[in-house]
Each structure stands twice: as C-alpha cells, then as structure tokens.
$ cat start37.cif   # mmCIF, C-alpha atoms
data_coords
loop_
_atom_site.label_atom_id
_atom_site.label_comp_id
_atom_site.auth_asym_id
_atom_site.auth_seq_id
_atom_site.Cartn_x
_atom_site.Cartn_y
_atom_site.Cartn_z
CA MET A 160 57.03 8.42 -15.72
CA ALA A 161 53.79 9.46 -14.05
CA THR A 162 54.14 11.06 -10.66
CA SER A 163 53.12 8.94 -7.72
CA GLY A 164 51.85 11.88 -5.71
CA ARG A 165 54.83 11.49 -3.42
CA SER A 166 57.26 14.36 -2.88
CA ALA A 167 60.73 14.59 -1.44
CA ILE A 168 63.03 17.43 -0.50
CA ILE A 169 66.73 16.76 -0.96
CA VAL A 170 69.07 19.03 0.98
CA GLY A 171 72.33 19.35 -0.90
CA ALA A 172 73.23 19.00 -4.56
CA GLY A 173 76.42 17.02 -4.20
CA ILE A 174 76.88 13.66 -5.85
CA GLY A 175 74.79 11.85 -3.23
CA GLY A 176 71.94 14.35 -3.27
CA LEU A 177 71.74 14.48 -7.05
CA ALA A 178 71.90 10.68 -7.37
CA THR A 179 69.15 10.31 -4.77
CA ALA A 180 67.01 12.90 -6.54
CA LEU A 181 67.46 11.14 -9.88
CA ALA A 182 66.61 7.74 -8.40
CA LEU A 183 63.45 9.13 -6.83
CA GLN A 184 62.45 10.94 -10.02
CA ASN A 185 62.98 7.72 -12.00
CA THR A 186 60.38 6.04 -9.76
CA GLY A 187 57.83 8.83 -10.11
CA TRP A 188 58.57 11.05 -7.12
CA ASN A 189 58.29 14.84 -7.34
CA VAL A 190 61.69 16.04 -6.08
CA HIS A 191 62.86 19.45 -4.91
CA ILE A 192 66.55 20.08 -4.26
CA ILE A 193 67.64 22.75 -1.80
CA VAL A 194 71.14 24.12 -2.30
CA ARG A 195 72.71 26.42 0.30
CA SER A 196 74.94 28.20 -2.21
CA GLY A 197 72.19 28.57 -4.81
CA SER A 198 74.36 26.77 -7.36
CA THR A 199 75.42 23.23 -8.18
CA ALA A 200 78.91 24.41 -9.23
CA VAL A 201 81.64 22.31 -7.62
CA ALA A 202 85.34 22.63 -7.04
CA GLY A 203 87.36 20.46 -9.37
CA THR A 204 89.01 17.24 -8.39
CA GLY A 205 89.26 13.75 -9.79
CA LEU A 206 87.36 10.77 -8.45
CA SER A 207 87.97 7.06 -8.87
CA ILE A 208 84.71 5.22 -9.43
CA TRP A 209 84.90 1.52 -8.63
CA PRO A 210 82.66 -1.09 -10.32
CA ASN A 211 79.85 -0.84 -7.77
CA GLY A 212 79.65 2.93 -8.28
CA ALA A 213 79.58 2.52 -12.06
CA ALA A 214 76.82 -0.09 -11.67
CA ALA A 215 74.80 2.38 -9.61
CA LEU A 216 75.18 5.03 -12.32
CA GLU A 217 74.08 2.46 -14.89
CA ARG A 218 70.95 1.70 -12.85
CA LEU A 219 70.20 5.43 -12.87
CA GLY A 220 70.30 5.32 -16.68
CA LEU A 221 73.65 7.09 -16.94
CA GLY A 222 75.95 4.19 -17.86
CA GLU A 223 76.80 5.20 -21.42
CA ASP A 224 77.21 8.87 -20.56
CA PHE A 225 79.45 7.97 -17.60
CA GLU A 226 81.65 5.84 -19.88
CA ARG A 227 81.91 8.81 -22.25
CA ILE A 228 83.04 11.33 -19.59
CA SER A 229 85.37 9.00 -17.66
CA LEU A 230 88.64 7.21 -18.32
CA PRO A 231 89.84 3.75 -17.27
CA VAL A 232 92.36 3.71 -14.43
CA ARG A 233 95.62 1.96 -15.21
CA GLY A 234 98.64 1.63 -12.95
CA GLY A 235 98.38 2.71 -9.34
CA VAL A 236 99.35 5.33 -6.79
CA LEU A 237 102.85 6.83 -6.64
CA ASP A 238 104.65 8.66 -3.86
CA LEU A 239 106.21 12.10 -4.36
CA ASP A 240 109.36 10.52 -5.79
CA GLY A 241 107.39 8.48 -8.34
CA ARG A 242 107.76 5.15 -6.54
CA PRO A 243 104.69 2.89 -6.54
CA ILE A 244 102.73 2.79 -3.30
CA LEU A 245 99.80 0.81 -4.66
CA GLU A 246 99.47 -1.18 -7.87
CA LEU A 247 95.95 -1.57 -9.21
CA ASP A 248 95.23 -5.04 -10.53
CA HIS A 249 93.04 -3.77 -13.36
CA GLU A 250 92.61 -7.17 -15.01
CA GLY A 251 91.69 -8.74 -11.66
CA VAL A 252 89.04 -6.09 -10.96
CA LEU A 253 87.75 -6.39 -14.51
CA GLY A 254 87.59 -10.18 -14.30
CA ARG A 255 85.91 -10.22 -10.91
CA TYR A 256 83.37 -7.42 -11.42
CA GLY A 257 82.96 -7.25 -15.19
CA ARG A 258 84.17 -3.68 -15.35
CA GLY A 259 87.22 -1.76 -14.25
CA VAL A 260 87.90 1.29 -12.13
CA ARG A 261 87.31 4.59 -13.93
CA THR A 262 88.30 8.15 -13.14
CA VAL A 263 86.14 11.20 -13.69
CA HIS A 264 86.30 14.90 -12.88
CA ARG A 265 83.91 15.73 -10.01
CA ALA A 266 82.37 18.64 -11.95
CA ASP A 267 81.67 16.37 -14.94
CA LEU A 268 80.00 13.73 -12.76
CA THR A 269 77.94 16.38 -10.97
CA ALA A 270 76.83 17.86 -14.31
CA LEU A 271 75.86 14.38 -15.54
CA LEU A 272 73.74 13.76 -12.45
CA ALA A 273 72.15 17.20 -12.63
#
$ encode --input "start37.cif" --output "structure tokens"
Amino acid sequence: MATSGRSAIIVGAGIGGLATALALQNTGWNVHIIVRSGSTAVAGTGLSIWPNGAAALERLGLGEDFERISLPVRGGVLDLDGRPILELDHEGVLGRYGRGVRTVHRADLTALLA
C-alpha cells in the first residue's frame, strides 16, 4: 500500500504495540517501533484468545496464520486437585460468535504480529 505521508512511533513491541503498528502499516502509515530491550523476544506463556480477539487478528490479515499456530480450547479451568472451577461452553461460544476460544503461545503470537 502506498504511504500516506503519515508517520507514527510505537513505544513497545508487545502484542498491543505490534498489532497497532500492523494496523497502521496496513492503512499506509510509516511506522517506527521503539523497544526498550532492543529485542521483541518474549517470555513464554499461553494465552486464550476469545472470538473478538481472533476477529481482530483476521482484520489484520492474520486469520489463517493464527488458526495454524493456535489450538481450540476445550474443557475449562481446574483447581490444583483437578476439580473443575470453570467449564467452558465451547459450543455456546461457537454458536453465538461463529468461532471458539483458541489458545496460543505468547511468543508465537508475537512472532506472527512481528
């Protein structure tokens, strides 16, 4: 896309900063990202991405790649003894929003956005 002559500086290369930079780039902005550590490397942890988050990734043009690097969430949350604390109504979420909850490693999502 041709640049609009507009520029933006994004401070931080976390998920929010990278998503914002990509959205601006997709609309023609010239974007510079400033990272305090000098690297976009992230500590590992898993994230649950609900349908609205997956829709946002799709609007950024990353829908298929997100589906490839993530897994559907089934079940719920257990306490330390393995007893259910929360049951996820996967079919209800899927029926209401057209897509389910997915889980992804933070480093994989950050790499996708970068």
$ resolve_selection --input "start37.cif" --expression "the PyMOL selection byres ((chain A and resi 178) around 12)" --output "count of residues only"
31
$ closest_residue --input "start37.cif" --among "A:Val170, A:Leu247, A:Val232, A:Ala266" --to "Gly203 (chain A)" --atoms "all atoms listed in the file"
A:Ala266
$ resolve_selection --input "start37.cif" --expression "the PyMOL selection byres ((chain A and resi 223-229) around 6)" --output "ChimeraX atom specification"
/A:221-222,230,262-263
$ closest_residue --input "start37.cif" --among "A:Leu245, A:Asp238, A:Pro231, A:His264" --to "Trp209 (chain A)" --atoms "only C-alpha atoms"
A:Pro231
